[in-house]
Amino acid sequence: MNRDDDGRRDFDFILGKWKIHNSRLKLRLQNCTEWQEFEARHEGRPTLGGLGNVDSFSVATFPLDGRPLEGMSIRTFDPRTRLWSIWWLDDRSFHVQPPVAGRFEGARGEFFGDEIIDGRPTRVRFIWSDVDTPSPRWEQAFSIDGGKTWETNWRSVLTRA
């Protein structure tokens, strides 16, 4: 296998500046059907000699509380396992969220992890899709039944800034 074809370049699409249209459930894991729409800005850059990247995510007015939101993702690639790990942190939670890990198959990547949300063990899933198009998509879903059912609670569509 060519070293550069092992998956280490799968997140290269995220580098640079983006505008993001977000749709987020107002309440998560509460059978809510009310979606909140808002815009964000994003900038990604490589790190670790291409085996990782970091990005900034900023929202002028976050719909949940009307205040600005600043966050960031840290992504690293392990060439031995060919898995990406993704961590999220923001100025609301004040700590690094547990990672999700996974890989891409073509233009779609699935990443899974575990977290405690509102005191409940929760399976977390990120899906990146359409990463080979001008409008990559991301979504987040939670499962409280071990992955039998999923509640998609955040969707994003990116366009180049």
# chains A, B, ... in the order shown; residues from 1 in each chain; ligands from 1

call {"tool": "residues_around", "arguments": {"residues": "A:Thr159", "least_positions_apart": "5", "cutoff": "9 Å", "atoms": "only C-alpha atoms", "output": "NGL selection string"}}
result
:A and (17-21 or 134-136)

call {"tool": "write_last_selection", "arguments": {"atoms": "N, CA and C atoms", "output": "compact mmCIF listing (two decimals), in the first residue's frame"}}
result
# COMPACT_ATOMS: atom_id res chain seq x y z
N LYS A 17 -10.61 27.82 4.77
CA LYS A 17 -11.70 28.57 5.39
C LYS A 17 -13.04 28.15 4.80
N TRP A 18 -14.04 28.04 5.68
CA TRP A 18 -15.36 27.58 5.30
C TRP A 18 -16.45 28.43 5.96
N LYS A 19 -17.59 28.49 5.30
CA LYS A 19 -18.83 28.95 5.91
C LYS A 19 -19.64 27.68 6.17
N ILE A 20 -20.35 27.65 7.30
CA ILE A 20 -21.10 26.45 7.65
C ILE A 20 -22.54 26.82 7.97
N HIS A 21 -23.48 26.17 7.29
CA HIS A 21 -24.88 26.29 7.66
C HIS A 21 -25.22 25.11 8.56
N PRO A 134 -18.04 20.22 -3.54
CA PRO A 134 -17.82 21.57 -2.98
C PRO A 134 -18.59 21.82 -1.68
N SER A 135 -19.50 20.91 -1.30
CA SER A 135 -20.31 21.10 -0.10
C SER A 135 -20.29 19.86 0.80
N PRO A 136 -19.16 19.62 1.47
CA PRO A 136 -19.12 18.48 2.39
C PRO A 136 -20.19 18.63 3.48

call {"tool": "residues_around", "arguments": {"residues": "stretch 146-154 of chain A", "least_positions_apart": "4", "cutoff": "8 Å", "atoms": "only C-alpha atoms", "output": "list of chain:residue names"}}
result
A:Asn22, A:Ser23, A:Arg24, A:Leu25, A:Arg28, A:Leu29, A:Thr122, A:Arg123, A:Glu139, A:Gln140, A:Ala141, A:Phe142

call {"tool": "write_last_selection", "arguments": {"atoms": "C-alpha atoms", "output": "CSV table (one decimal), in the first residue's frame"}}
result
chain,number,residue,atom,x,y,z
A,22,ASN,CA,-26.0,24.4,10.8
A,23,SER,CA,-29.2,22.8,11.8
A,24,ARG,CA,-29.3,21.7,15.5
A,25,LEU,CA,-32.1,20.1,17.5
A,28,ARG,CA,-31.2,16.5,22.5
A,29,LEU,CA,-32.5,13.1,23.7
A,122,THR,CA,-24.6,7.6,25.2
A,123,ARG,CA,-23.1,6.3,21.9
A,139,GLU,CA,-23.9,15.1,11.1
A,140,GLN,CA,-23.9,14.1,14.7
A,141,ALA,CA,-26.3,11.5,16.2
A,142,PHE,CA,-26.7,10.0,19.7

call {"tool": "closest_residue", "arguments": {"among": "A:Asp10, A:Thr76, A:Gly16, A:Leu27", "to": "A:Asp118", "atoms": "only C-alpha atoms"}}
result
A:Leu27

call {"tool": "closest_residue", "arguments": {"among": "A:Leu158, A:Val96, A:Ile144, A:Ile117", "to": "A:Asp130", "atoms": "only C-alpha atoms"}}
result
A:Leu158

call {"tool": "select_by_dssp", "arguments": {"residues": "stretch 5-100 of chain A", "states": "strand (DSSP E)", "output": "PyMOL selection string"}}
result
chain A and resi 16-25+35-47+52-59+69-78+83-90+100

call {"tool": "closest_residue", "arguments": {"among": "A:Thr33, A:His42, A:Leu83, A:His95", "to": "A:Ala161", "atoms": "only C-alpha atoms"}}
result
A:His42

call {"tool": "select_by_dssp", "arguments": {"residues": "chain A", "states": "helix (DSSP H, G or I)", "output": "ChimeraX atom specification"}}
result
/A:3-5,12-14,48-50

call {"tool": "residues_around", "arguments": {"residues": "A:Thr81", "least_positions_apart": "3", "cutoff": "12 Å", "atoms": "only C-alpha atoms", "output": "mmCIF file with N, CA and C atoms, in the first residue's frame"}}
result
data_model
loop_
_atom_site.group_PDB
_atom_site.id
_atom_site.type_symbol
_atom_site.label_atom_id
_atom_site.label_comp_id
_atom_site.auth_asym_id
_atom_site.auth_seq_id
_atom_site.Cartn_x
_atom_site.Cartn_y
_atom_site.Cartn_z
ATOM 1 N N ASP A 6 -3.145 5.376 2.693
ATOM 2 C CA ASP A 6 -3.600 4.607 3.854
ATOM 3 C C ASP A 6 -4.704 5.293 4.638
ATOM 4 N N GLY A 7 -5.135 6.488 4.228
ATOM 5 C CA GLY A 7 -6.195 7.213 4.905
ATOM 6 C C GLY A 7 -5.740 8.509 5.537
ATOM 7 N N ARG A 8 -4.436 8.722 5.596
ATOM 8 C CA ARG A 8 -3.907 9.904 6.269
ATOM 9 C C ARG A 8 -4.297 11.220 5.603
ATOM 10 N N THR A 76 -6.522 13.351 14.690
ATOM 11 C CA THR A 76 -5.232 12.690 14.483
ATOM 12 C C THR A 76 -5.457 11.363 13.771
ATOM 13 N N PHE A 77 -4.492 11.007 12.953
ATOM 14 C CA PHE A 77 -4.531 9.756 12.199
ATOM 15 C C PHE A 77 -3.462 8.826 12.730
ATOM 16 N N ASP A 78 -3.836 7.577 12.989
ATOM 17 C CA ASP A 78 -2.880 6.550 13.424
ATOM 18 C C ASP A 78 -2.595 5.646 12.230
ATOM 19 N N TRP A 84 -8.876 7.474 12.302
ATOM 20 C CA TRP A 84 -8.862 8.857 12.730
ATOM 21 C C TRP A 84 -9.541 8.950 14.083
ATOM 22 N N SER A 85 -9.017 9.783 14.964
ATOM 23 C CA SER A 85 -9.673 10.126 16.220
ATOM 24 C C SER A 85 -9.969 11.624 16.197
ATOM 25 N N ALA A 101 -13.875 7.771 16.901
ATOM 26 C CA ALA A 101 -12.832 7.203 16.045
ATOM 27 C C ALA A 101 -13.466 6.439 14.896
ATOM 28 N N GLY A 102 -12.804 6.469 13.751
ATOM 29 C CA GLY A 102 -13.301 5.743 12.596
ATOM 30 C C GLY A 102 -12.478 6.052 11.363
ATOM 31 N N ARG A 103 -13.072 5.742 10.221
ATOM 32 C CA ARG A 103 -12.356 5.934 8.949
ATOM 33 C C ARG A 103 -13.339 6.209 7.824
#

call {"tool": "closest_residue", "arguments": {"among": "A:Gly106, A:Pro63, A:Gly49, A:Gly113", "to": "A:Trp87", "atoms": "only C-alpha atoms"}}
result
A:Gly113

call {"tool": "atom_distance", "arguments": {"atom1": "atom CA of A:Ser93", "atom2": "atom CA of A:Trp128"}}
result
23.4 Å

call {"tool": "atom_distance", "arguments": {"atom1": "atom CA of A:Gly66", "atom2": "atom CA of A:Phe38"}}
result
10.9 Å

call {"tool": "closest_residue", "arguments": {"among": "A:Val157, A:Pro98, A:Glu105, A:Leu15", "to": "A:Gly50", "atoms": "only C-alpha atoms"}}
result
A:Leu15

call {"tool": "residues_around", "arguments": {"residues": "A:Asp65", "least_positions_apart": "5", "cutoff": "12 Å", "atoms": "only C-alpha atoms", "output": "PyMOL selection string"}}
result
chain A and resi 26+36+59-60+92

call {"tool": "decode", "arguments": {"residues": "stretch 70-93 of chain A", "atoms": "N, CA and C atoms", "output": "mmCIF file, in the first residue's frame"}}
result
data_model
loop_
_atom_site.group_PDB
_atom_site.id
_atom_site.type_symbol
_atom_site.label_atom_id
_atom_site.label_comp_id
_atom_site.auth_asym_id
_atom_site.auth_seq_id
_atom_site.Cartn_x
_atom_site.Cartn_y
_atom_site.Cartn_z
ATOM 1 N N GLU A 70 -17.389 29.596 20.635
ATOM 2 C CA GLU A 70 -16.088 29.272 20.048
ATOM 3 C C GLU A 70 -15.775 27.819 20.369
ATOM 4 N N GLY A 71 -15.384 27.076 19.362
ATOM 5 C CA GLY A 71 -15.019 25.681 19.560
ATOM 6 C C GLY A 71 -13.888 25.287 18.641
ATOM 7 N N MET A 72 -13.410 24.074 18.836
ATOM 8 C CA MET A 72 -12.362 23.560 17.963
ATOM 9 C C MET A 72 -12.381 22.042 17.942
ATOM 10 N N SER A 73 -11.904 21.500 16.847
ATOM 11 C CA SER A 73 -11.712 20.057 16.714
ATOM 12 C C SER A 73 -10.229 19.779 16.586
ATOM 13 N N ILE A 74 -9.837 18.664 17.135
ATOM 14 C CA ILE A 74 -8.479 18.135 16.965
ATOM 15 C C ILE A 74 -8.651 16.750 16.356
ATOM 16 N N ARG A 75 -7.983 16.509 15.232
ATOM 17 C CA ARG A 75 -8.070 15.205 14.565
ATOM 18 C C ARG A 75 -6.669 14.642 14.389
ATOM 19 N N THR A 76 -6.522 13.351 14.690
ATOM 20 C CA THR A 76 -5.232 12.690 14.483
ATOM 21 C C THR A 76 -5.457 11.363 13.771
ATOM 22 N N PHE A 77 -4.492 11.007 12.953
ATOM 23 C CA PHE A 77 -4.531 9.756 12.199
ATOM 24 C C PHE A 77 -3.462 8.826 12.730
ATOM 25 N N ASP A 78 -3.836 7.577 12.989
ATOM 26 C CA ASP A 78 -2.880 6.550 13.424
ATOM 27 C C ASP A 78 -2.595 5.646 12.230
ATOM 28 N N PRO A 79 -1.397 5.738 11.636
ATOM 29 C CA PRO A 79 -1.107 4.940 10.443
ATOM 30 C C PRO A 79 -1.073 3.435 10.715
ATOM 31 N N ARG A 80 -0.906 3.026 11.971
ATOM 32 C CA ARG A 80 -0.903 1.581 12.282
ATOM 33 C C ARG A 80 -2.311 0.994 12.202
ATOM 34 N N THR A 81 -3.297 1.720 12.741
ATOM 35 C CA THR A 81 -4.672 1.213 12.737
ATOM 36 C C THR A 81 -5.484 1.753 11.569
ATOM 37 N N ARG A 82 -4.967 2.806 10.923
ATOM 38 C CA ARG A 82 -5.659 3.507 9.839
ATOM 39 C C ARG A 82 -6.959 4.141 10.332
ATOM 40 N N LEU A 83 -6.976 4.549 11.601
ATOM 41 C CA LEU A 83 -8.140 5.192 12.195
ATOM 42 C C LEU A 83 -7.856 6.651 12.506
ATOM 43 N N TRP A 84 -8.876 7.474 12.302
ATOM 44 C CA TRP A 84 -8.862 8.857 12.730
ATOM 45 C C TRP A 84 -9.541 8.950 14.083
ATOM 46 N N SER A 85 -9.017 9.783 14.964
ATOM 47 C CA SER A 85 -9.673 10.126 16.220
ATOM 48 C C SER A 85 -9.969 11.624 16.197
ATOM 49 N N ILE A 86 -11.157 11.987 16.705
ATOM 50 C CA ILE A 86 -11.602 13.379 16.677
ATOM 51 C C ILE A 86 -12.033 13.786 18.077
ATOM 52 N N TRP A 87 -11.474 14.889 18.549
ATOM 53 C CA TRP A 87 -11.852 15.465 19.841
ATOM 54 C C TRP A 87 -12.490 16.827 19.598
ATOM 55 N N TRP A 88 -13.468 17.197 20.417
ATOM 56 C CA TRP A 88 -14.133 18.497 20.336
ATOM 57 C C TRP A 88 -14.005 19.188 21.689
ATOM 58 N N LEU A 89 -13.803 20.499 21.654
ATOM 59 C CA LEU A 89 -13.858 21.298 22.869
ATOM 60 C C LEU A 89 -14.402 22.665 22.512
ATOM 61 N N ASP A 90 -15.071 23.295 23.486
ATOM 62 C CA ASP A 90 -15.651 24.615 23.240
ATOM 63 C C ASP A 90 -15.680 25.428 24.525
ATOM 64 N N ASP A 91 -16.089 26.675 24.365
ATOM 65 C CA ASP A 91 -16.089 27.594 25.505
ATOM 66 C C ASP A 91 -17.348 27.471 26.373
ATOM 67 N N ARG A 92 -18.116 26.401 26.180
ATOM 68 C CA ARG A 92 -19.265 26.122 27.047
ATOM 69 C C ARG A 92 -18.945 24.993 28.027
ATOM 70 N N SER A 93 -18.353 23.927 27.516
ATOM 71 C CA SER A 93 -18.113 22.746 28.356
ATOM 72 C C SER A 93 -16.801 22.841 29.134
#
